[in-house]
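start31.cif (mmCIF, N, CA and C atoms)
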data_work
loop_
_atom_site.label_atom_id
_atom_site.label_comp_id
_atom_site.auth_asym_id
_atom_site.auth_seq_id
_atom_site.Cartn_x
_atom_site.Cartn_y
_atom_site.Cartn_z
N GLN P 1 -11.91 -3.93 -14.94
CA GLN P 1 -10.58 -4.42 -14.58
C GLN P 1 -9.68 -3.24 -14.24
N VAL P 2 -8.86 -3.47 -13.23
CA VAL P 2 -7.85 -2.49 -12.84
C VAL P 2 -6.51 -3.21 -12.81
N GLN P 3 -5.53 -2.65 -13.46
CA GLN P 3 -4.19 -3.22 -13.45
C GLN P 3 -3.30 -2.36 -12.55
N LEU P 4 -2.51 -3.05 -11.73
CA LEU P 4 -1.65 -2.36 -10.78
C LEU P 4 -0.21 -2.83 -10.98
N VAL P 5 0.71 -1.90 -11.03
CA VAL P 5 2.12 -2.23 -11.20
C VAL P 5 2.92 -1.47 -10.15
N GLU P 6 3.59 -2.23 -9.28
CA GLU P 6 4.43 -1.62 -8.24
C GLU P 6 5.86 -1.44 -8.76
N SER P 7 6.54 -0.47 -8.20
CA SER P 7 7.95 -0.25 -8.50
C SER P 7 8.57 0.48 -7.32
N GLY P 8 9.91 0.56 -7.35
CA GLY P 8 10.61 1.32 -6.32
C GLY P 8 11.26 0.51 -5.24
N GLY P 9 11.05 -0.80 -5.26
CA GLY P 9 11.70 -1.63 -4.26
C GLY P 9 13.19 -1.71 -4.49
N GLY P 10 13.89 -2.30 -3.53
CA GLY P 10 15.33 -2.47 -3.67
C GLY P 10 15.97 -2.81 -2.35
N LEU P 11 17.28 -2.68 -2.33
CA LEU P 11 18.08 -2.97 -1.15
C LEU P 11 18.50 -1.66 -0.50
N VAL P 12 18.28 -1.55 0.79
CA VAL P 12 18.62 -0.33 1.52
C VAL P 12 19.13 -0.70 2.89
N GLN P 13 20.00 0.13 3.44
CA GLN P 13 20.50 -0.11 4.79
C GLN P 13 19.48 0.33 5.83
N ALA P 14 19.56 -0.28 6.99
CA ALA P 14 18.68 0.10 8.09
C ALA P 14 18.79 1.60 8.35
N GLY P 15 17.64 2.22 8.56
CA GLY P 15 17.60 3.66 8.76
C GLY P 15 17.36 4.44 7.48
N GLY P 16 17.48 3.78 6.36
CA GLY P 16 17.32 4.43 5.07
C GLY P 16 15.86 4.58 4.66
N SER P 17 15.68 5.07 3.44
CA SER P 17 14.33 5.35 2.94
C SER P 17 14.16 4.78 1.53
N LEU P 18 12.92 4.47 1.22
CA LEU P 18 12.52 4.08 -0.13
C LEU P 18 11.13 4.64 -0.38
N ARG P 19 10.84 4.90 -1.65
CA ARG P 19 9.48 5.28 -2.02
C ARG P 19 8.97 4.29 -3.04
N LEU P 20 7.93 3.59 -2.68
CA LEU P 20 7.29 2.67 -3.59
C LEU P 20 6.20 3.39 -4.36
N SER P 21 6.04 2.98 -5.61
CA SER P 21 4.99 3.53 -6.45
C SER P 21 4.08 2.41 -6.92
N CYS P 22 2.82 2.73 -7.08
CA CYS P 22 1.85 1.79 -7.62
C CYS P 22 1.06 2.51 -8.71
N SER P 23 1.32 2.14 -9.93
CA SER P 23 0.67 2.78 -11.07
C SER P 23 -0.58 1.98 -11.45
N ALA P 24 -1.70 2.67 -11.53
CA ALA P 24 -2.97 2.02 -11.84
C ALA P 24 -3.43 2.36 -13.25
N SER P 25 -4.03 1.39 -13.92
CA SER P 25 -4.59 1.61 -15.24
C SER P 25 -5.87 0.79 -15.36
N GLY P 26 -6.61 1.08 -16.41
CA GLY P 26 -7.88 0.40 -16.58
C GLY P 26 -9.01 1.23 -16.00
N ARG P 27 -9.96 0.59 -15.33
CA ARG P 27 -11.15 1.27 -14.80
C ARG P 27 -10.85 1.90 -13.43
N THR P 28 -9.87 2.77 -13.43
CA THR P 28 -9.45 3.39 -12.17
C THR P 28 -10.52 4.29 -11.58
N VAL P 29 -11.45 4.76 -12.42
CA VAL P 29 -12.50 5.64 -11.92
C VAL P 29 -13.37 4.91 -10.89
N SER P 30 -13.36 3.58 -10.92
CA SER P 30 -14.18 2.79 -9.99
C SER P 30 -13.50 2.58 -8.64
N THR P 31 -12.24 2.98 -8.53
CA THR P 31 -11.49 2.72 -7.30
C THR P 31 -12.02 3.56 -6.15
N GLN P 32 -12.22 2.92 -4.99
CA GLN P 32 -12.70 3.62 -3.80
C GLN P 32 -11.62 3.72 -2.71
N ALA P 33 -10.62 2.84 -2.80
CA ALA P 33 -9.54 2.86 -1.81
C ALA P 33 -8.36 2.10 -2.38
N MET P 34 -7.19 2.45 -1.88
CA MET P 34 -5.97 1.74 -2.25
C MET P 34 -5.23 1.39 -0.97
N GLY P 35 -4.59 0.24 -1.00
CA GLY P 35 -3.84 -0.18 0.18
C GLY P 35 -2.50 -0.77 -0.20
N TRP P 36 -1.64 -0.82 0.80
CA TRP P 36 -0.35 -1.50 0.68
C TRP P 36 -0.29 -2.61 1.72
N PHE P 37 0.21 -3.75 1.28
CA PHE P 37 0.41 -4.90 2.15
C PHE P 37 1.84 -5.40 1.96
N LEU P 38 2.32 -6.14 2.93
CA LEU P 38 3.63 -6.77 2.79
C LEU P 38 3.51 -8.25 3.10
N GLN P 39 4.44 -9.00 2.53
CA GLN P 39 4.52 -10.44 2.81
C GLN P 39 5.97 -10.80 3.00
N GLY P 40 6.32 -11.11 4.25
CA GLY P 40 7.67 -11.52 4.57
C GLY P 40 7.90 -12.98 4.24
N PRO P 41 9.15 -13.41 4.26
CA PRO P 41 9.47 -14.80 3.93
C PRO P 41 8.74 -15.78 4.84
N GLY P 42 7.99 -16.68 4.24
CA GLY P 42 7.29 -17.70 5.01
C GLY P 42 6.12 -17.19 5.82
N LYS P 43 5.67 -15.97 5.53
CA LYS P 43 4.57 -15.38 6.31
C LYS P 43 3.38 -15.05 5.41
N GLY P 44 2.28 -14.74 6.04
CA GLY P 44 1.10 -14.32 5.30
C GLY P 44 1.18 -12.84 4.94
N ARG P 45 0.24 -12.39 4.15
CA ARG P 45 0.21 -11.00 3.72
C ARG P 45 -0.35 -10.13 4.87
N GLU P 46 0.34 -9.03 5.15
CA GLU P 46 -0.02 -8.17 6.26
C GLU P 46 -0.30 -6.74 5.79
N PHE P 47 -1.24 -6.12 6.45
CA PHE P 47 -1.62 -4.74 6.12
C PHE P 47 -0.52 -3.77 6.52
N VAL P 48 -0.31 -2.78 5.66
CA VAL P 48 0.67 -1.73 5.95
C VAL P 48 -0.01 -0.36 6.04
N ALA P 49 -0.71 0.02 4.97
CA ALA P 49 -1.32 1.35 4.94
C ALA P 49 -2.42 1.36 3.89
N ALA P 50 -3.34 2.32 4.03
CA ALA P 50 -4.43 2.44 3.06
C ALA P 50 -4.95 3.87 3.04
N MET P 51 -5.60 4.21 1.95
CA MET P 51 -6.22 5.52 1.81
C MET P 51 -7.60 5.35 1.19
N ARG P 52 -8.59 6.03 1.80
CA ARG P 52 -9.93 6.05 1.22
C ARG P 52 -9.99 7.21 0.23
N TRP P 53 -10.50 6.96 -0.96
CA TRP P 53 -10.48 7.97 -2.03
C TRP P 53 -11.38 9.16 -1.72
N THR P 54 -12.55 8.92 -1.14
CA THR P 54 -13.54 9.99 -0.99
C THR P 54 -13.07 11.13 -0.11
N ASP P 55 -12.35 10.83 0.95
CA ASP P 55 -11.93 11.89 1.87
C ASP P 55 -10.43 11.88 2.12
N GLU P 56 -9.73 10.98 1.45
CA GLU P 56 -8.28 10.85 1.57
C GLU P 56 -7.84 10.54 3.01
N ASN P 57 -8.74 9.96 3.79
CA ASN P 57 -8.33 9.48 5.10
C ASN P 57 -7.34 8.34 4.94
N THR P 58 -6.35 8.32 5.82
CA THR P 58 -5.32 7.29 5.74
C THR P 58 -5.29 6.44 7.00
N TYR P 59 -4.83 5.22 6.84
CA TYR P 59 -4.80 4.25 7.94
C TYR P 59 -3.48 3.49 7.86
N TYR P 60 -2.92 3.21 9.01
CA TYR P 60 -1.61 2.57 9.06
C TYR P 60 -1.58 1.45 10.09
N ALA P 61 -0.76 0.44 9.80
CA ALA P 61 -0.47 -0.57 10.81
C ALA P 61 0.36 0.09 11.91
N ASP P 62 0.19 -0.37 13.13
CA ASP P 62 0.92 0.21 14.25
C ASP P 62 2.43 0.15 14.03
N SER P 63 2.88 -0.90 13.36
CA SER P 63 4.32 -1.11 13.18
C SER P 63 4.96 -0.07 12.26
N VAL P 64 4.17 0.65 11.48
CA VAL P 64 4.75 1.62 10.53
C VAL P 64 4.33 3.05 10.80
N LYS P 65 3.45 3.26 11.76
CA LYS P 65 2.99 4.62 12.08
C LYS P 65 4.18 5.51 12.42
N GLY P 66 4.19 6.68 11.81
CA GLY P 66 5.28 7.62 12.04
C GLY P 66 6.49 7.40 11.15
N ARG P 67 6.53 6.28 10.44
CA ARG P 67 7.65 5.99 9.54
C ARG P 67 7.22 5.95 8.08
N PHE P 68 6.03 5.43 7.81
CA PHE P 68 5.55 5.27 6.43
C PHE P 68 4.42 6.26 6.18
N THR P 69 4.33 6.72 4.92
CA THR P 69 3.26 7.63 4.52
C THR P 69 2.70 7.19 3.18
N ILE P 70 1.40 7.05 3.11
CA ILE P 70 0.73 6.74 1.85
C ILE P 70 0.20 8.04 1.26
N SER P 71 0.35 8.19 -0.05
CA SER P 71 -0.14 9.38 -0.72
C SER P 71 -0.53 9.01 -2.14
N ARG P 72 -1.13 9.96 -2.85
CA ARG P 72 -1.53 9.64 -4.21
C ARG P 72 -1.36 10.87 -5.10
N ASP P 73 -1.22 10.59 -6.38
CA ASP P 73 -1.18 11.60 -7.42
C ASP P 73 -2.28 11.26 -8.40
N ASN P 74 -3.37 12.00 -8.33
CA ASN P 74 -4.53 11.68 -9.17
C ASN P 74 -4.20 11.79 -10.65
N ALA P 75 -3.42 12.79 -11.01
CA ALA P 75 -3.11 13.02 -12.42
C ALA P 75 -2.34 11.85 -13.01
N LYS P 76 -1.57 11.17 -12.18
CA LYS P 76 -0.74 10.06 -12.66
C LYS P 76 -1.35 8.71 -12.34
N ASN P 77 -2.53 8.71 -11.69
CA ASN P 77 -3.15 7.43 -11.26
C ASN P 77 -2.14 6.58 -10.50
N THR P 78 -1.44 7.21 -9.60
CA THR P 78 -0.37 6.54 -8.88
C THR P 78 -0.51 6.74 -7.38
N VAL P 79 -0.27 5.68 -6.64
CA VAL P 79 -0.23 5.72 -5.19
C VAL P 79 1.20 5.45 -4.74
N TYR P 80 1.61 6.16 -3.71
CA TYR P 80 2.98 6.03 -3.23
C TYR P 80 2.99 5.53 -1.78
N LEU P 81 4.07 4.89 -1.44
CA LEU P 81 4.33 4.54 -0.05
C LEU P 81 5.74 5.02 0.27
N GLN P 82 5.83 6.13 0.99
CA GLN P 82 7.13 6.65 1.42
C GLN P 82 7.50 5.93 2.70
N MET P 83 8.65 5.28 2.68
CA MET P 83 9.10 4.48 3.82
C MET P 83 10.39 5.08 4.35
N ASN P 84 10.35 5.59 5.56
CA ASN P 84 11.52 6.15 6.22
C ASN P 84 11.88 5.32 7.45
N GLY P 85 13.09 5.46 7.90
CA GLY P 85 13.52 4.73 9.08
C GLY P 85 13.34 3.24 8.94
N LEU P 86 13.72 2.72 7.79
CA LEU P 86 13.50 1.30 7.52
C LEU P 86 14.29 0.41 8.47
N LYS P 87 13.68 -0.71 8.81
CA LYS P 87 14.26 -1.69 9.72
C LYS P 87 14.38 -3.03 9.01
N PRO P 88 15.30 -3.88 9.45
CA PRO P 88 15.42 -5.20 8.82
C PRO P 88 14.09 -5.97 8.80
N GLU P 89 13.28 -5.78 9.82
CA GLU P 89 11.99 -6.50 9.86
C GLU P 89 10.98 -5.98 8.85
N ASP P 90 11.30 -4.89 8.16
CA ASP P 90 10.45 -4.39 7.08
C ASP P 90 10.70 -5.15 5.78
N THR P 91 11.73 -5.99 5.76
CA THR P 91 12.06 -6.78 4.57
C THR P 91 10.88 -7.65 4.18
N ALA P 92 10.43 -7.49 2.94
CA ALA P 92 9.26 -8.22 2.46
C ALA P 92 9.01 -7.86 1.01
N VAL P 93 8.07 -8.59 0.41
CA VAL P 93 7.51 -8.18 -0.86
C VAL P 93 6.31 -7.29 -0.55
N TYR P 94 6.27 -6.12 -1.17
CA TYR P 94 5.21 -5.15 -0.92
C TYR P 94 4.24 -5.15 -2.10
N TYR P 95 2.95 -5.24 -1.78
CA TYR P 95 1.90 -5.30 -2.79
C TYR P 95 0.97 -4.11 -2.62
N CYS P 96 0.53 -3.54 -3.72
CA CYS P 96 -0.55 -2.57 -3.64
C CYS P 96 -1.85 -3.26 -4.08
N ALA P 97 -2.95 -2.71 -3.61
CA ALA P 97 -4.24 -3.32 -3.87
C ALA P 97 -5.29 -2.23 -4.04
N ALA P 98 -6.29 -2.51 -4.86
CA ALA P 98 -7.36 -1.56 -5.13
C ALA P 98 -8.70 -2.15 -4.72
N ALA P 99 -9.49 -1.32 -4.06
CA ALA P 99 -10.84 -1.74 -3.65
C ALA P 99 -11.87 -0.98 -4.47
N LEU P 100 -12.86 -1.68 -4.99
CA LEU P 100 -13.90 -1.05 -5.79
C LEU P 100 -15.13 -0.69 -4.95
N SER P 101 -15.21 -1.19 -3.74
CA SER P 101 -16.31 -0.86 -2.85
C SER P 101 -15.80 0.10 -1.78
N ILE P 102 -16.67 1.03 -1.37
CA ILE P 102 -16.29 1.98 -0.33
C ILE P 102 -16.05 1.23 0.98
N ILE P 103 -14.94 1.55 1.62
CA ILE P 103 -14.62 0.95 2.92
C ILE P 103 -14.75 2.04 3.97
N TRP P 104 -15.69 1.87 4.88
CA TRP P 104 -15.88 2.87 5.94
C TRP P 104 -15.24 2.47 7.25
N SER P 105 -15.22 1.17 7.52
CA SER P 105 -14.67 0.69 8.78
C SER P 105 -13.16 0.65 8.72
N GLN P 106 -12.53 1.25 9.71
CA GLN P 106 -11.06 1.25 9.74
C GLN P 106 -10.53 -0.17 9.75
N VAL P 107 -11.21 -1.07 10.45
CA VAL P 107 -10.75 -2.45 10.54
C VAL P 107 -10.74 -3.11 9.17
N ARG P 108 -11.73 -2.78 8.35
CA ARG P 108 -11.85 -3.42 7.05
C ARG P 108 -10.69 -3.06 6.11
N PHE P 109 -10.03 -1.95 6.34
CA PHE P 109 -8.90 -1.59 5.48
C PHE P 109 -7.77 -2.60 5.59
N SER P 110 -7.67 -3.28 6.70
CA SER P 110 -6.59 -4.23 6.90
C SER P 110 -6.94 -5.65 6.47
N VAL P 111 -8.14 -5.82 5.93
CA VAL P 111 -8.61 -7.15 5.54
C VAL P 111 -8.36 -7.37 4.05
N ILE P 112 -7.68 -8.45 3.73
CA ILE P 112 -7.30 -8.73 2.35
C ILE P 112 -8.52 -8.81 1.44
N SER P 113 -9.58 -9.41 1.91
CA SER P 113 -10.77 -9.60 1.07
C SER P 113 -11.51 -8.30 0.77
N SER P 114 -11.11 -7.19 1.38
CA SER P 114 -11.72 -5.89 1.06
C SER P 114 -11.25 -5.37 -0.29
N TYR P 115 -10.20 -5.94 -0.83
CA TYR P 115 -9.58 -5.46 -2.06
C TYR P 115 -9.85 -6.40 -3.22
N ASP P 116 -10.01 -5.79 -4.39
CA ASP P 116 -10.42 -6.55 -5.57
C ASP P 116 -9.27 -6.83 -6.54
N TYR P 117 -8.29 -5.98 -6.56
CA TYR P 117 -7.18 -6.14 -7.51
C TYR P 117 -5.86 -5.96 -6.77
N TRP P 118 -4.86 -6.71 -7.24
CA TRP P 118 -3.55 -6.70 -6.63
C TRP P 118 -2.46 -6.57 -7.69
N GLY P 119 -1.38 -5.92 -7.29
CA GLY P 119 -0.22 -5.87 -8.16
C GLY P 119 0.63 -7.12 -7.97
N GLN P 120 1.75 -7.15 -8.69
CA GLN P 120 2.61 -8.33 -8.66
C GLN P 120 3.62 -8.29 -7.53
N GLY P 121 3.76 -7.12 -6.90
CA GLY P 121 4.67 -6.99 -5.76
C GLY P 121 6.04 -6.47 -6.14
N THR P 122 6.68 -5.83 -5.18
CA THR P 122 8.04 -5.35 -5.35
C THR P 122 8.82 -5.67 -4.09
N GLN P 123 10.04 -6.18 -4.26
CA GLN P 123 10.85 -6.64 -3.12
C GLN P 123 11.55 -5.47 -2.44
N VAL P 124 11.43 -5.43 -1.12
CA VAL P 124 12.18 -4.48 -0.31
C VAL P 124 13.04 -5.28 0.65
N THR P 125 14.34 -5.01 0.63
CA THR P 125 15.27 -5.70 1.51
C THR P 125 16.04 -4.66 2.31
N VAL P 126 15.99 -4.79 3.63
CA VAL P 126 16.66 -3.85 4.51
C VAL P 126 17.78 -4.60 5.23
N SER P 127 18.99 -4.14 5.03
CA SER P 127 20.15 -4.79 5.63
C SER P 127 20.60 -4.04 6.88
N LEU P 128 21.33 -4.75 7.73
CA LEU P 128 21.85 -4.13 8.95
C LEU P 128 22.96 -3.14 8.64
#

Since I need it in another form, could you write the structure as structure tokens?
Amino acid sequence: QVQLVESGGGLVQAGGSLRLSCSASGRTVSTQAMGWFLQGPGKGREFVAAMRWTDENTYYADSVKGRFTISRDNAKNTVYLQMNGLKPEDTAVYYCAAALSIIWSQVRFSVISSYDYWGQGTQVTVSL
């Protein structure tokens, strides 16, 4: 079992920044990749960013490339999502997820079923 807890969400004006954190506990040694997804009001869950543990390769949705950065702190078992240049359309609940199987295909990083554990989500609201 892996437990994930997100934090760092809040209300920010357009153009501002937020850093989300995802703290992992439990059998974290089994983790092969971590991802961030968002779910806007009335919408399905969408891929934002991911990192493969073995080589720290990162992957991003086109909508956030150049604005968001995923990183990790091994000592703290924490994954971060630095979000800059926020836009109102970034408003959503943000979830982190952990995958226990190695993901090699870039496409698979954006697939919800590639991940085994999910956090409870943190709300990000971007105002005009």

For the PyMOL selection byres ((chain P and resi 38-43) around 8), applied here, can you spell out every residue it catches as a short mmCIF file (atom, residue, chain, number, x, y, z; two decimals) with N, CA and C atoms, in the frame of the given file?
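New file expr_25.cif:
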data_model
loop_
_atom_site.label_atom_id
_atom_site.label_comp_id
_atom_site.auth_asym_id
_atom_site.auth_seq_id
_atom_site.Cartn_x
_atom_site.Cartn_y
_atom_site.Cartn_z
N GLY P 35 -4.59 0.24 -1.00
CA GLY P 35 -3.84 -0.18 0.18
C GLY P 35 -2.50 -0.77 -0.20
N TRP P 36 -1.64 -0.82 0.80
CA TRP P 36 -0.35 -1.50 0.68
C TRP P 36 -0.29 -2.61 1.72
N PHE P 37 0.21 -3.75 1.28
CA PHE P 37 0.41 -4.90 2.15
C PHE P 37 1.84 -5.40 1.96
N GLY P 44 2.28 -14.74 6.04
CA GLY P 44 1.10 -14.32 5.30
C GLY P 44 1.18 -12.84 4.94
N ARG P 45 0.24 -12.39 4.15
CA ARG P 45 0.21 -11.00 3.72
C ARG P 45 -0.35 -10.13 4.87
N GLU P 46 0.34 -9.03 5.15
CA GLU P 46 -0.02 -8.17 6.26
C GLU P 46 -0.30 -6.74 5.79
N PHE P 47 -1.24 -6.12 6.45
CA PHE P 47 -1.62 -4.74 6.12
C PHE P 47 -0.52 -3.77 6.52
N VAL P 48 -0.31 -2.78 5.66
CA VAL P 48 0.67 -1.73 5.95
C VAL P 48 -0.01 -0.36 6.04
N ALA P 49 -0.71 0.02 4.97
CA ALA P 49 -1.32 1.35 4.94
C ALA P 49 -2.42 1.36 3.89
N GLU P 89 13.28 -5.78 9.82
CA GLU P 89 11.99 -6.50 9.86
C GLU P 89 10.98 -5.98 8.85
N ASP P 90 11.30 -4.89 8.16
CA ASP P 90 10.45 -4.39 7.08
C ASP P 90 10.70 -5.15 5.78
N THR P 91 11.73 -5.99 5.76
CA THR P 91 12.06 -6.78 4.57
C THR P 91 10.88 -7.65 4.18
N ALA P 92 10.43 -7.49 2.94
CA ALA P 92 9.26 -8.22 2.46
C ALA P 92 9.01 -7.86 1.01
N VAL P 93 8.07 -8.59 0.41
CA VAL P 93 7.51 -8.18 -0.86
C VAL P 93 6.31 -7.29 -0.55
N TYR P 94 6.27 -6.12 -1.17
CA TYR P 94 5.21 -5.15 -0.92
C TYR P 94 4.24 -5.15 -2.10
N TYR P 95 2.95 -5.24 -1.78
CA TYR P 95 1.90 -5.30 -2.79
C TYR P 95 0.97 -4.11 -2.62
N CYS P 96 0.53 -3.54 -3.72
CA CYS P 96 -0.55 -2.57 -3.64
C CYS P 96 -1.85 -3.26 -4.08
#

Pairwise distance for atom CA of Ser127 of chain P and atom N of Asn84 of chain P, rounded to one decimal in Å: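 Going from atom CA of Ser127 of chain P over to atom N of Asn84 of chain P, I get 14.3 Å.
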
Please write as a short mmCIF file (atom, residue, chain, number, x, y, z; two decimals) with N, CA and C atoms, in the frame of the given file the full residue list that the PyMOL selection byres (((chain P and resi 99-103 and name CA) around 8) and name CA) yields on this file.
data_model
loop_
_atom_site.label_atom_id
_atom_site.label_comp_id
_atom_site.auth_asym_id
_atom_site.auth_seq_id
_atom_site.Cartn_x
_atom_site.Cartn_y
_atom_site.Cartn_z
N SER P 30 -13.36 3.58 -10.92
CA SER P 30 -14.18 2.79 -9.99
C SER P 30 -13.50 2.58 -8.64
N THR P 31 -12.24 2.98 -8.53
CA THR P 31 -11.49 2.72 -7.30
C THR P 31 -12.02 3.56 -6.15
N GLN P 32 -12.22 2.92 -4.99
CA GLN P 32 -12.70 3.62 -3.80
C GLN P 32 -11.62 3.72 -2.71
N ALA P 33 -10.62 2.84 -2.80
CA ALA P 33 -9.54 2.86 -1.81
C ALA P 33 -8.36 2.10 -2.38
N MET P 34 -7.19 2.45 -1.88
CA MET P 34 -5.97 1.74 -2.25
C MET P 34 -5.23 1.39 -0.97
N ARG P 52 -8.59 6.03 1.80
CA ARG P 52 -9.93 6.05 1.22
C ARG P 52 -9.99 7.21 0.23
N ALA P 97 -2.95 -2.71 -3.61
CA ALA P 97 -4.24 -3.32 -3.87
C ALA P 97 -5.29 -2.23 -4.04
N ALA P 98 -6.29 -2.51 -4.86
CA ALA P 98 -7.36 -1.56 -5.13
C ALA P 98 -8.70 -2.15 -4.72
N TRP P 104 -15.69 1.87 4.88
CA TRP P 104 -15.88 2.87 5.94
C TRP P 104 -15.24 2.47 7.25
N SER P 105 -15.22 1.17 7.52
CA SER P 105 -14.67 0.69 8.78
C SER P 105 -13.16 0.65 8.72
N GLN P 106 -12.53 1.25 9.71
CA GLN P 106 -11.06 1.25 9.74
C GLN P 106 -10.53 -0.17 9.75
N ARG P 108 -11.73 -2.78 8.35
CA ARG P 108 -11.85 -3.42 7.05
C ARG P 108 -10.69 -3.06 6.11
N PHE P 109 -10.03 -1.95 6.34
CA PHE P 109 -8.90 -1.59 5.48
C PHE P 109 -7.77 -2.60 5.59
N SER P 114 -11.11 -7.19 1.38
CA SER P 114 -11.72 -5.89 1.06
C SER P 114 -11.25 -5.37 -0.29
N TYR P 115 -10.20 -5.94 -0.83
CA TYR P 115 -9.58 -5.46 -2.06
C TYR P 115 -9.85 -6.40 -3.22
N ASP P 116 -10.01 -5.79 -4.39
CA ASP P 116 -10.42 -6.55 -5.57
C ASP P 116 -9.27 -6.83 -6.54
N TYR P 117 -8.29 -5.98 -6.56
CA TYR P 117 -7.18 -6.14 -7.51
C TYR P 117 -5.86 -5.96 -6.77
#

Which of P:Asp73, P:Glu56, P:Glu6, P:Asp62 sits closest to Cys22 of chain P [using only C-alpha atoms]: P:Glu6

Distance of atom C of Val2 of chain P from atom CA of Ser110 of chain P, expressed in Å to one decimal place: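 Result for atom CA of Ser110 of chain P versus atom C of Val2 of chain P: 19.7 Å, one decimal.
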
DSSP strand (DSSP E) residues within chain P, as a PyMOL selection string: chain P and resi 2-7+10-13+18-26+33-39+45-52+58-60+68-73+78-83+92-99+117-118+122-127

Spatial neighbours of Pro88 of chain P, 12 Å, only C-alpha atoms, chain gap at least 3 places, as a PyMOL selection string: chain P and resi 11-16+40+85+91-92+124-128

Neighbour list for Ser21 of chain P as a PyMOL selection string, cut-off 7 Å, only C-alpha atoms, skip fewer than 4 positions in-chain: chain P and resi 6-8+78-81

Coordinates-based distance that separates atom CA of Lys87 of chain P from atom N of Leu4 of chain P (Å, one decimal):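 If I compute the distance from atom N of Leu4 of chain P to atom CA of Lys87 of chain P, I get 27.3 Å.
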
Secondary structure check, helix (DSSP H, G or I) residues of chain P, as a list in words: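 Of chain P, only Thr28, Val29, Ser30, Asn74, Ala75, Lys76, Pro88, Glu89, Asp90, Val107, Arg108, Phe109, Ser110, Ile112, Ser113 and Ser114 of chain P fall in helix (DSSP H, G or I).
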
Closest of P:Ala61, P:Asn77, P:Val29, P:Val5 to Trp118 of chain P - atom-to-atom distances counting all atoms listed in the file: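 Of P:Ala61, P:Asn77, P:Val29, P:Val5, the one nearest Trp118 of chain P, counting all atoms listed in the file, is P:Val5.
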
Give me the box for segment 97-100 of chain P as JSON, namely the centre and edge lengths in Å to one decimal of a box along x, y and z that holds every listed atom plus 6 Å on each side.
{"center_x": -9.0, "center_y": -2.0, "center_z": -4.7, "size_x": 24.2, "size_y": 14.6, "size_z": 14.2}

Starting from the sparse input, extend segment 56-60 of chain P to all heavy atoms and give the output as a compact mmCIF listing (two decimals), keeping the file's coordinate frame.
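Output below, filename result-v4.txt:
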# COMPACT_ATOMS: atom_id res chain seq x y z
N GLU P 56 -9.73 10.98 1.45
CA GLU P 56 -8.28 10.85 1.57
C GLU P 56 -7.84 10.54 3.01
O GLU P 56 -6.70 10.83 3.39
CB GLU P 56 -7.56 12.09 1.05
CG GLU P 56 -7.76 12.27 -0.44
CD GLU P 56 -6.83 13.31 -1.05
OE1 GLU P 56 -6.20 14.06 -0.29
OE2 GLU P 56 -6.74 13.37 -2.29
N ASN P 57 -8.74 9.96 3.79
CA ASN P 57 -8.33 9.48 5.10
C ASN P 57 -7.34 8.34 4.94
O ASN P 57 -7.47 7.51 4.04
CB ASN P 57 -9.54 9.00 5.90
CG ASN P 57 -10.24 10.14 6.60
OD1 ASN P 57 -9.88 11.31 6.44
ND2 ASN P 57 -11.26 9.82 7.37
N THR P 58 -6.35 8.32 5.82
CA THR P 58 -5.32 7.29 5.74
C THR P 58 -5.29 6.44 7.00
O THR P 58 -5.69 6.90 8.08
CB THR P 58 -3.93 7.92 5.53
OG1 THR P 58 -3.68 8.85 6.58
CG2 THR P 58 -3.87 8.65 4.20
N TYR P 59 -4.83 5.22 6.84
CA TYR P 59 -4.80 4.25 7.94
C TYR P 59 -3.48 3.49 7.86
O TYR P 59 -3.00 3.19 6.77
CB TYR P 59 -5.98 3.28 7.83
CG TYR P 59 -7.30 4.00 7.78
CD1 TYR P 59 -7.85 4.38 6.56
CD2 TYR P 59 -7.98 4.34 8.95
CE1 TYR P 59 -9.05 5.08 6.51
CE2 TYR P 59 -9.17 5.03 8.91
CZ TYR P 59 -9.70 5.39 7.68
OH TYR P 59 -10.88 6.09 7.64
N TYR P 60 -2.92 3.21 9.01
CA TYR P 60 -1.61 2.57 9.06
C TYR P 60 -1.58 1.45 10.09
O TYR P 60 -2.25 1.52 11.13
CB TYR P 60 -0.53 3.59 9.44
CG TYR P 60 -0.36 4.70 8.43
CD1 TYR P 60 -1.05 5.89 8.56
CD2 TYR P 60 0.49 4.54 7.34
CE1 TYR P 60 -0.91 6.90 7.63
CE2 TYR P 60 0.65 5.55 6.41
CZ TYR P 60 -0.07 6.73 6.56
OH TYR P 60 0.08 7.73 5.63
